[in-house]
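Worksheet: the structure to be examined is printed underneath.
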Amino acid sequence: MSVSSAGENVVGILRQERTGSALQDEVAQLFVESRQDVYRYLLTLGLHPPKAQEAVQEVFLRLYATLKKGENIENPRGWVFRVAHNHGLKVRARQASEEAFDPALEACLVARTEDPESGLIERERMVRFHHAVEGLSEQQRRCLFLRLEGLRYPEIGSALGISASAVGEFLRRAISRLRKVRDA
Amino acid sequence: MPNLVTQHPEDGVLLRYIDGELPGRKLRQVERHLKACWQCRTEVKELESTVAGCVRYRKNVLQAHLPDPPNPWPDLYQEFARIDSSASGEFHLVAKQLAARLVALFGGAAKQFGSSKVRQWGVALAAALVLVCAIWYQFRETPSVQAAVLLKRAVLAAEAQSTPARRVQVRTRVAQAFLPVKEPSLAPLRARFEAAHFNWDDPLTAKSYQSWHDGVTAKQDAVTTVPDPQSPALNCYQIRTVAAEGELATASLMLRMHDLRPVEERLEFRDNEWVELTDITDATTRDDGASVAAHVELPVRPVVPSRPAAASGPASISEELQVLAALHEIGADLGDPVEVNLTDGRVVVGGVGIPPDHQQQIHGKLDAMPNVTVQFSEGGAGFSLPGGAGFSLPTAAAAPTSSGLPALVEQHLGGQAEFEKFSSQVLDRNESLMSRASALRRLAETFPTDADLAVKDREVLRAMAREHAEAFARELAGLDRALNPLLVSLGGSAAPRTATATAPSWQPAALELARAWHRLEVSVSVLLGVTPGSAPAGQLPSDLLAAMGEVRADVDGCLHLLAQ
C-alpha cells in the first residue's frame, strides 16, 4: 500500500463516518419495513423461528456493512431477500440434524373460528389454495414466494442461481396450477 | 415467437407482460395484440385474478398464521455501533500501515541525508501524525455521530409519542422551581438560556438539546449508558457534550433507553453556574395523577381573524384549517410528525423524518393552495413511523417487570403464545388510540377556542375533531372488550365513577381526554409488563377498570360537546 492509497483509505473511512448517520437511518428504516417479511420468508424455507429471527438481523447488518464499504446496491430489498435466501439455506444446512420447521399452517387454517358465516367459504378456498401451494415444486414455490415479496425476475434468478427466463417459466407453471384450484 | 395461426402470445408471455418483464419491442407487440384480442384480454384478467389469490394467500395464511418472532426485535443502531467500532479497528490497521509507510519514507529520507537525528525526527513525526489522526477520529467523530443519531431518534420518538403533561423540576445553585416557571427570581435564568441559544420554553427535550448541539461547531461528544436515576433497574443513554464556544461549557442529557424520553439534563455555564432539569412526571403521577393536569395551560396564540380563504393577502386561520383538513383527508394528521404553523402570513407545513412517499402525497395535496409553504427537513431519510411504530412501545418482553402480574396474565390467557398474541393486539390498539388522542389534542391546542371562527371554519374544525373522537371511542370499545373479561377474572372491579366538573367546551375536554388516556395507557403497559409498575399488583386490575371508565366518560363528554 502506498502512502497516498493509505491516505485515501483514511479519508474514505472518515467520509463514510460522516454519512454513516443517514446510512444507518436508511438501513434501520428498511429493517422496520421488511423484517417481518424476511422473517416469514425464512420460516417458509424451514428455519425455526429463533434461527430465522437471528438470520434476519444478520442479513440487515450485512447490508449495512456492505453499504458502508461504499458498494452500490440498486434495490436493497431485493438484495436483502437474496442474501436472506442464501444465508437461510446455510443455516438450514447447519440444522440438518433437526427437522425443518413446519408451521402447521393447515391446522391453523382449519382451527380458525372467527367470523363463522362469511369466513367459511374463504377459509375453504384458502385451505385448497394452501394445498396447491404445497403441491408446487420447491423451485416454483421459491419463485412464487419471492415474487410475492416484490422481487423482479432477474432478482429472483440471482437469489436462486437460475436465469430470469427460467424464473418466468417456473412462475408460469405455478400460476397455472394455482389457477386450476381457484377455478375449482 | 407468437403462434402463427392465431397470433396469440405464447404461454407465459402474458404473465411476463403483467409482471412488467417484457422487453420494449415485445411489450409493444403484446399491447397491440391485447387491444385487438378479447380472448387475451380475458386471459390477462384471469391471470391477475390468480395473482390476487396469491396475494390473499400471503396475507390471510402466511402473514396471519406463521408464528411471530419469539423475541423483540433488537435496536439495530446498537449493532451498527459494533460494526462501526470494528470499522474503527480497520482504521487502526490502515493507520498502522500508514505509520509504517511514513516511517519508511522518513527513514529513507534520513538515510539519504545520512543523519540518525533526522531519522529519529522522521519516525517521531510519522507516529505523531498517525496518533493525531487516530485521536481525532476516535474521540471527536464517532461519538458525535452516535450523539447526533441518538438525538435524532429521540426527537422522532418524542414526536410520535403523546406526552400530555410533564412536570419538570429546575434546580440551580440557589433556587428550585417547576416548569413552567412563574417565579420572577428565575428571570435571569431565561436570559442565560437565551444567551446560550438553548430553548428555555421547553428545555428538557431532545429537540432543544439537538438544536443547541447542532449550533455548536467546536464540540466533543461522549455517549455512555447509565442507570435511570428514577428507576435504577432501567438504563439510560447519557449524551455529554463539551462545547469549545458559546455560553454553555458542558451539557448532558439522559434519555431513557426503552423509549428515548429525556429524564434529566444538566447544563454548566462558562462561569461555573449550573442548571439541572429533571422530569418528575412519573413520580408526580404516581402520587397524584390529577395534580399534574393543573399545571398544564393552553398555549397562548396570537389571535388572527378568521376569514374566507383568498388568493392574496396573508394567510388566516381559515387557510390553516383548510390545510389541516387536507392533511386529515389523506390521514397525514395521524402518526406522522407533520407540523403546521401559521407564521408571517403563511401556513408552513413541515416535519422531520416523514417518509418520502408521504412527503410526495402531502406536496400533491397542498402545493396548489395559496399562502402555503411545504418544507420537509432531512430529505425524508428518517424512520418510517407508521402509527408511531418503531419507538412508541417496545414489545411485551422488552422491559423487566417489577410485579408478577404479567406472569399471572399469561397464566390466565393460557400460555406465553397466547399472552404474546394478546399483548400485540392490545399494543396495536393502543397505537391507534394514541394517534387519535394526539390528533385531537393537537387540534384542541391549536384552536383553544372556536367561538371567533367563521361558521364554516368552525364546522370544518369540529368535523375533524368529531371524527377523531368517534374513532377513538370505537377503538376504546375494542380495547375494553379485550381487557374487561381479563381484568374481572384477575379480581378487578370497577368503582362507581364520581361526578366530575363538565368542561365548558370541547377543547379542554379533549385535553383532559388525552391526559386520562395517557394514564390508562401507562396502566395497560404495566399490565403487559412493558413498563415496570410501582403500585401493588393486586390493585392494578381495579385501577385499570377505573381508568378505562374515566377515559370512556371523557370521550363521551367530548363527543357530547362536539355535537352541540
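Chain labels run A, B, ... following the order of the C-alpha cells; each chain numbers its residues from 1, and ligands are numbered from 1 in the order shown.
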
Residues near Gly168 of chain A, anyone? I mean within 9 Å using only C-alpha atoms, not counting same-chain ones fewer than 3 positions away, as a PDB file with C-alpha atoms, in the first residue's frame.
ATOM      1  CA  CYS A 143     -40.090 -18.200  -7.224  1.00  0.00           C
ATOM      2  CA  TYR A 153     -37.418 -11.941 -12.260  1.00  0.00           C
ATOM      3  CA  SER A 163     -31.850 -17.366 -15.276  1.00  0.00           C
ATOM      4  CA  ALA A 164     -34.625 -14.784 -15.409  1.00  0.00           C
ATOM      5  CA  SER A 165     -36.346 -16.722 -18.184  1.00  0.00           C
ATOM      6  CA  LEU A 171     -43.850 -18.801 -12.257  1.00  0.00           C
ATOM      7  CA  ARG A 172     -45.976 -19.618 -15.278  1.00  0.00           C
ATOM      8  CA  ARG A 173     -46.292 -23.218 -14.134  1.00  0.00           C
TER       9      ARG A 173
ATOM     10  CA  GLY B  12     -46.059 -17.325 -20.181  1.00  0.00           C
ATOM     11  CA  VAL B  13     -45.787 -14.138 -22.200  1.00  0.00           C
ATOM     12  CA  LEU B  15     -47.676 -13.316 -17.167  1.00  0.00           C
ATOM     13  CA  ARG B  16     -44.392 -11.651 -18.050  1.00  0.00           C
ATOM     14  CA  GLU B  21     -40.812  -8.208 -17.556  1.00  0.00           C
TER      15      GLU B  21
END

Task: Contact set, chain A to chain B: 7 Å, only C-alpha atoms, as an NGL selection string - done: :A and (3 or 6 or 10 or 21-22 or 25-26 or 28-29 or 40 or 49-50 or 53 or 103 or 105 or 108 or 126 or 148 or 168-169 or 172 or 175 or 178-179 or 182)

Open item on the list: Here is a test: counting only C-alpha atoms, which residue of A:His131, A:Arg35, A:Asn86, A:Glu54 is nearest to Ser158 of chain A?
Closed with: A:Asn86

Identify, on the basis of only C-alpha atoms, every residue whose closest approach to segment 217-230 of chain B does not exceed 7 Å; exclude the query and any residue fewer than 4 positions from it along the same chain; express the result as a CSV table (one decimal) with C-alpha atoms, in the first residue's frame.
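Wrote around-v7.csv, looks like this:
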chain,number,residue,atom,x,y,z
B,140,ARG,CA,-14.4,13.5,18.0
B,143,PRO,CA,-19.2,9.8,19.4
B,144,SER,CA,-20.5,12.9,17.6
B,147,ALA,CA,-24.9,11.5,19.7
B,234,LEU,CA,-33.6,0.6,33.9
B,235,ASN,CA,-30.9,2.1,31.9
B,236,CYS,CA,-30.5,5.5,30.2
B,237,TYR,CA,-28.2,6.8,27.4
B,238,GLN,CA,-26.3,9.8,28.5
B,239,ILE,CA,-25.1,12.2,25.9
B,240,ARG,CA,-22.4,14.6,27.2
B,241,THR,CA,-21.2,17.5,25.1
B,242,VAL,CA,-18.3,19.7,25.9
B,243,ALA,CA,-18.5,22.9,23.8
B,244,ALA,CA,-15.4,24.9,23.0
B,245,GLU,CA,-17.5,28.0,22.2
B,256,ARG,CA,-34.5,6.6,28.9

TODO: Report the residues of segment 31-85 of chain A whose backbone DSSP state falls under alpha helix (DSSP H), written as JSON, numbers by chain.
DONE: {"A": [31, 32, 33, 34, 35, 36, 37, 38, 39, 40, 41, 42, 43, 44, 49, 50, 51, 52, 53, 54, 55, 56, 57, 58, 59, 60, 61, 62, 63, 64, 65, 66, 67, 68, 76, 77, 78, 79, 80, 81, 82, 83, 84, 85]}

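Taking only C-alpha atoms into account, Ala52 of chain A lies nearest to A:Ala100 out of the set A:Val181, A:Ala100, A:Leu151, A:Leu30.
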
Open item on the list: Give me, as a count of residues only, all polymer residues having an atom no more than 10 Å from Asp102 of chain A, counting only C-alpha atoms and skipping those fewer than 5 positions away in the same chain.
Closed with: 7
